[in-house]
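Reviewing the structure listed below.
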Amino acid sequence: MVDYSNVQNCYDYLKSQGGIAYIDTRGGLSMEGNTLDSFYNGIFKKVDGYKLFQQPGNGLLNFKVVEIPANADEILLLENKEKIQEFLDKGGIIISFTQNYLEWLPGNSLYEASPTAIKDRMVVACGHPITEGVKEYDMNYRCGVKGFFNRGFFKAPEGAAVILKDSDGECVAYIDSATTKGVILSTAGADLVGFGLAESSTAKRLGVNLMLWLEKTMREREAA
């Protein structure tokens, strides 16, 4: 059972580390109003992706943690893959919810649409703390409709920990600490942070669990 009594302390710690840079390439539309900001108590810092990558130097290095949302401009990311590589090689943490149809993320094998029909396919947890306490139904259905969470997969990099897979055994999400000197949490389009906020279900725990995992990971890396 996850202990949520220290969630506020977790949020305070993450904010003290600069929060999470949310790379926005849609002019603010991808933040879904103030939902993320209010639920996560100001952890996310929206950053214009085009301005970030156009400025001299590598603006990513101003942050410790970066989220790249599902609807990010992957052409922009591909054009700046060297900066992303540098960020990771300096110990940065990337949380990516993109489908990854271009080769911008180190170690990723690119997205494949599942051949299994949505009605037959399920996303299942693999025992990682990020999915603890989350019902399988709540990951697969939103307001009784299936298919919002994830429709594809990719192959996990060698040495990565698979945290979500589908009912065909394919990787839906992984954590990779081997490919670079940083940490990559990558999902095949499954938004662990925002998916559960639209209704009252255990899916809300995905994002909170992710924050607790992130705090633990950052503290462990600081101590190493």
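Identifiers in the structure tokens: chain A, B, ... in order shown; residue index from 1 per chain; ligand index from 1 in order shown.
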I'd like a table as a tab-separated table: residues in range 100-136 of chain A with an atom no more than 6 Å from range 141-162 of chain A, each row giving the shortest atom pair and its distance in Å to one decimal, only C-alpha atoms counted, sorted by chain and rising residue number.
residue	atom	partner	partner_atom	distance
A:Gly107	CA	A:Pro157	CA	5.5
A:Ser109	CA	A:Lys155	CA	5.7
A:Leu110	CA	A:Phe154	CA	5.9
A:Tyr111	CA	A:Phe154	CA	5.1
A:Glu112	CA	A:Phe153	CA	5.4
A:Ala113	CA	A:Gly152	CA	4.2
A:Ser114	CA	A:Gly152	CA	4.6
List the neighbours of range 55-66 of chain A out to 9 Å using only C-alpha atoms; skip same-chain residues closer than 5 positions along the sequence, and give me the result as a PDB file with C-alpha atoms, in the first residue's frame.
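Just written: selection36.pdb:
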ATOM      1  CA  GLN A  17      14.650  21.292  -7.299  1.00  0.00           C
ATOM      2  CA  GLY A  18      13.155  23.542  -9.950  1.00  0.00           C
ATOM      3  CA  GLY A  19       9.989  21.563 -10.595  1.00  0.00           C
ATOM      4  CA  ILE A  20       9.273  19.789 -13.865  1.00  0.00           C
ATOM      5  CA  ALA A  21       9.739  21.678 -17.126  1.00  0.00           C
ATOM      6  CA  TYR A  22       6.672  20.967 -19.286  1.00  0.00           C
ATOM      7  CA  ILE A  23       7.794  21.347 -22.900  1.00  0.00           C
ATOM      8  CA  TYR A  50      10.333  26.601 -29.711  1.00  0.00           C
ATOM      9  CA  LYS A  83      20.715  18.859 -26.900  1.00  0.00           C
ATOM     10  CA  ILE A  84      18.456  16.140 -25.517  1.00  0.00           C
ATOM     11  CA  GLU A  86      23.555  16.304 -23.694  1.00  0.00           C
ATOM     12  CA  PHE A  87      20.830  16.901 -21.093  1.00  0.00           C
ATOM     13  CA  LYS A  90      24.637  15.386 -17.667  1.00  0.00           C
ATOM     14  CA  GLY A  91      22.234  13.393 -15.479  1.00  0.00           C
ATOM     15  CA  GLY A  92      18.909  14.905 -16.500  1.00  0.00           C
ATOM     16  CA  ILE A  93      15.584  13.088 -16.197  1.00  0.00           C
ATOM     17  CA  ILE A  94      13.147  12.923 -19.115  1.00  0.00           C
ATOM     18  CA  ILE A  95       9.520  11.857 -18.745  1.00  0.00           C
ATOM     19  CA  SER A  96       8.180  11.267 -22.251  1.00  0.00           C
TER      20      SER A  96
END
| Spatial neighbours of Met1 in chain A, max dist 12 Å, only C-alpha atoms, sep filter under 6 positions, as an NGL selection string | :A and (129-134 or 205 or 209)
Could you please take those selected residues and save N, CA, C and O atoms as a compact mmCIF listing (two decimals), in the first residue's frame?
# COMPACT_ATOMS: atom_id res chain seq x y z
N PRO A 129 6.17 0.53 -8.46
CA PRO A 129 5.47 1.45 -7.54
C PRO A 129 4.62 2.52 -8.23
O PRO A 129 3.63 2.99 -7.65
N ILE A 130 4.95 2.90 -9.46
CA ILE A 130 4.16 3.92 -10.16
C ILE A 130 2.73 3.44 -10.41
O ILE A 130 1.79 4.24 -10.45
N THR A 131 2.53 2.14 -10.56
CA THR A 131 1.19 1.62 -10.83
C THR A 131 0.53 0.99 -9.60
O THR A 131 -0.57 0.44 -9.69
N GLU A 132 1.19 1.09 -8.45
CA GLU A 132 0.64 0.46 -7.24
C GLU A 132 -0.68 1.11 -6.86
O GLU A 132 -0.82 2.34 -6.83
N GLY A 133 -1.67 0.29 -6.55
CA GLY A 133 -2.98 0.78 -6.13
C GLY A 133 -3.87 1.26 -7.26
O GLY A 133 -4.96 1.79 -7.02
N VAL A 134 -3.45 1.05 -8.50
CA VAL A 134 -4.23 1.48 -9.66
C VAL A 134 -4.94 0.26 -10.26
O VAL A 134 -4.30 -0.73 -10.60
N ARG A 205 -3.92 7.99 -9.17
CA ARG A 205 -2.73 7.60 -8.42
C ARG A 205 -1.50 7.47 -9.31
O ARG A 205 -0.38 7.53 -8.82
N ASN A 209 1.87 8.68 -7.79
CA ASN A 209 2.91 7.67 -7.62
C ASN A 209 4.17 8.03 -8.41
O ASN A 209 5.29 7.79 -7.95
Residues near Glu215 in chain A, cut-off 8 Å, only C-alpha atoms, skip fewer than 6 positions along chain, as a PDB file with all heavy atoms, in the first residue's frame:
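So the final result, stored in result00.pdb, reads:
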ATOM      1  N   CYS A  10       6.777  15.704  -0.732  1.00  0.00           N
ATOM      2  CA  CYS A  10       7.314  15.321  -2.036  1.00  0.00           C
ATOM      3  C   CYS A  10       7.189  16.482  -3.015  1.00  0.00           C
ATOM      4  O   CYS A  10       8.162  16.845  -3.701  1.00  0.00           O
ATOM      5  CB  CYS A  10       6.576  14.100  -2.565  1.00  0.00           C
ATOM      6  SG  CYS A  10       6.859  13.726  -4.305  1.00  0.00           S
ATOM      7  N   TYR A  13       9.610  19.225  -2.216  1.00  0.00           N
ATOM      8  CA  TYR A  13      10.973  18.869  -2.621  1.00  0.00           C
ATOM      9  C   TYR A  13      11.158  19.069  -4.119  1.00  0.00           C
ATOM     10  O   TYR A  13      12.160  19.663  -4.560  1.00  0.00           O
ATOM     11  CB  TYR A  13      11.285  17.415  -2.254  1.00  0.00           C
ATOM     12  CG  TYR A  13      12.567  16.919  -2.867  1.00  0.00           C
ATOM     13  CD1 TYR A  13      13.804  17.255  -2.312  1.00  0.00           C
ATOM     14  CD2 TYR A  13      12.560  16.130  -4.019  1.00  0.00           C
ATOM     15  CE1 TYR A  13      14.991  16.814  -2.885  1.00  0.00           C
ATOM     16  CE2 TYR A  13      13.735  15.682  -4.599  1.00  0.00           C
ATOM     17  CZ  TYR A  13      14.946  16.038  -4.029  1.00  0.00           C
ATOM     18  OH  TYR A  13      16.115  15.606  -4.616  1.00  0.00           O
ATOM     19  N   LEU A  14      10.211  18.572  -4.919  1.00  0.00           N
ATOM     20  CA  LEU A  14      10.330  18.699  -6.369  1.00  0.00           C
ATOM     21  C   LEU A  14      10.362  20.165  -6.788  1.00  0.00           C
ATOM     22  O   LEU A  14      11.143  20.554  -7.679  1.00  0.00           O
ATOM     23  CB  LEU A  14       9.188  17.963  -7.061  1.00  0.00           C
ATOM     24  CG  LEU A  14       9.174  16.432  -6.897  1.00  0.00           C
ATOM     25  CD1 LEU A  14       7.965  15.828  -7.592  1.00  0.00           C
ATOM     26  CD2 LEU A  14      10.460  15.810  -7.426  1.00  0.00           C
TER      27      LEU A  14
END
| query | How many Å separate CA of Val7 in chain A from CA of Gly189 in chain A? | reply | 25.8 Å
| Suppose you want the space between CA of Val47 in chain A and CA of Val193 in chain A; what is it in Å? | 17.0 Å
| field | Straight-line distance linking CA of Leu206 in chain A with CA of Arg219 in chain A, stated in Å to one decimal | value | 20.0 Å
| request: Rank A:Lys204, A:Lys216, A:Lys135, A:Arg221 by their smallest atom-to-atom distance to Ser177 in chain A, using only C-alpha atoms, and report the top residue only. | output: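 Smallest separation from Ser177 in chain A among the options: A:Arg221.
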| request: Write out as a list of chain:residue names all residues of range 82-172 of chain A that DSSP puts in strand (DSSP E) for this structure's backbone. | output: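 These are the residues in question: A:Ile93, A:Ile94, A:Ile95, A:Ser96, A:Glu112, A:Ala113, A:Val123, A:Val124, A:Ala125, A:Tyr141, A:Arg142, A:Val145, A:Lys146, A:Gly152, A:Phe153, A:Ala161, A:Val162, A:Ile163, A:Leu164, A:Lys165, A:Asp166, A:Cys171, A:Val172.
Taking only range 53-126 of chain A, the residues that DSSP calls helix (DSSP H, G or I) from the backbone come to Phe53, Gln54, Gly59, Leu60, Leu61, Asn62, Glu74, Ile75, Leu76, Leu77, Leu78, Glu79, Lys81, Glu82, Lys83, Ile84, Gln85, Glu86, Phe87, Leu88 and Asp89 of chain A.
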| task | Could you check which of A:Gln85, A:Asn41, A:Gln8, A:Thr116 is closest to Asp168 in chain A, using only C-alpha atoms? | result |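 Smallest separation from Asp168 in chain A among the options: A:Thr116.
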| message | Ranking A:Ala70, A:Glu103, A:Asn108, A:Phe53 by minimum distance to Ala178 in chain A and counting only C-alpha atoms, which one comes first? | response | A:Asn108
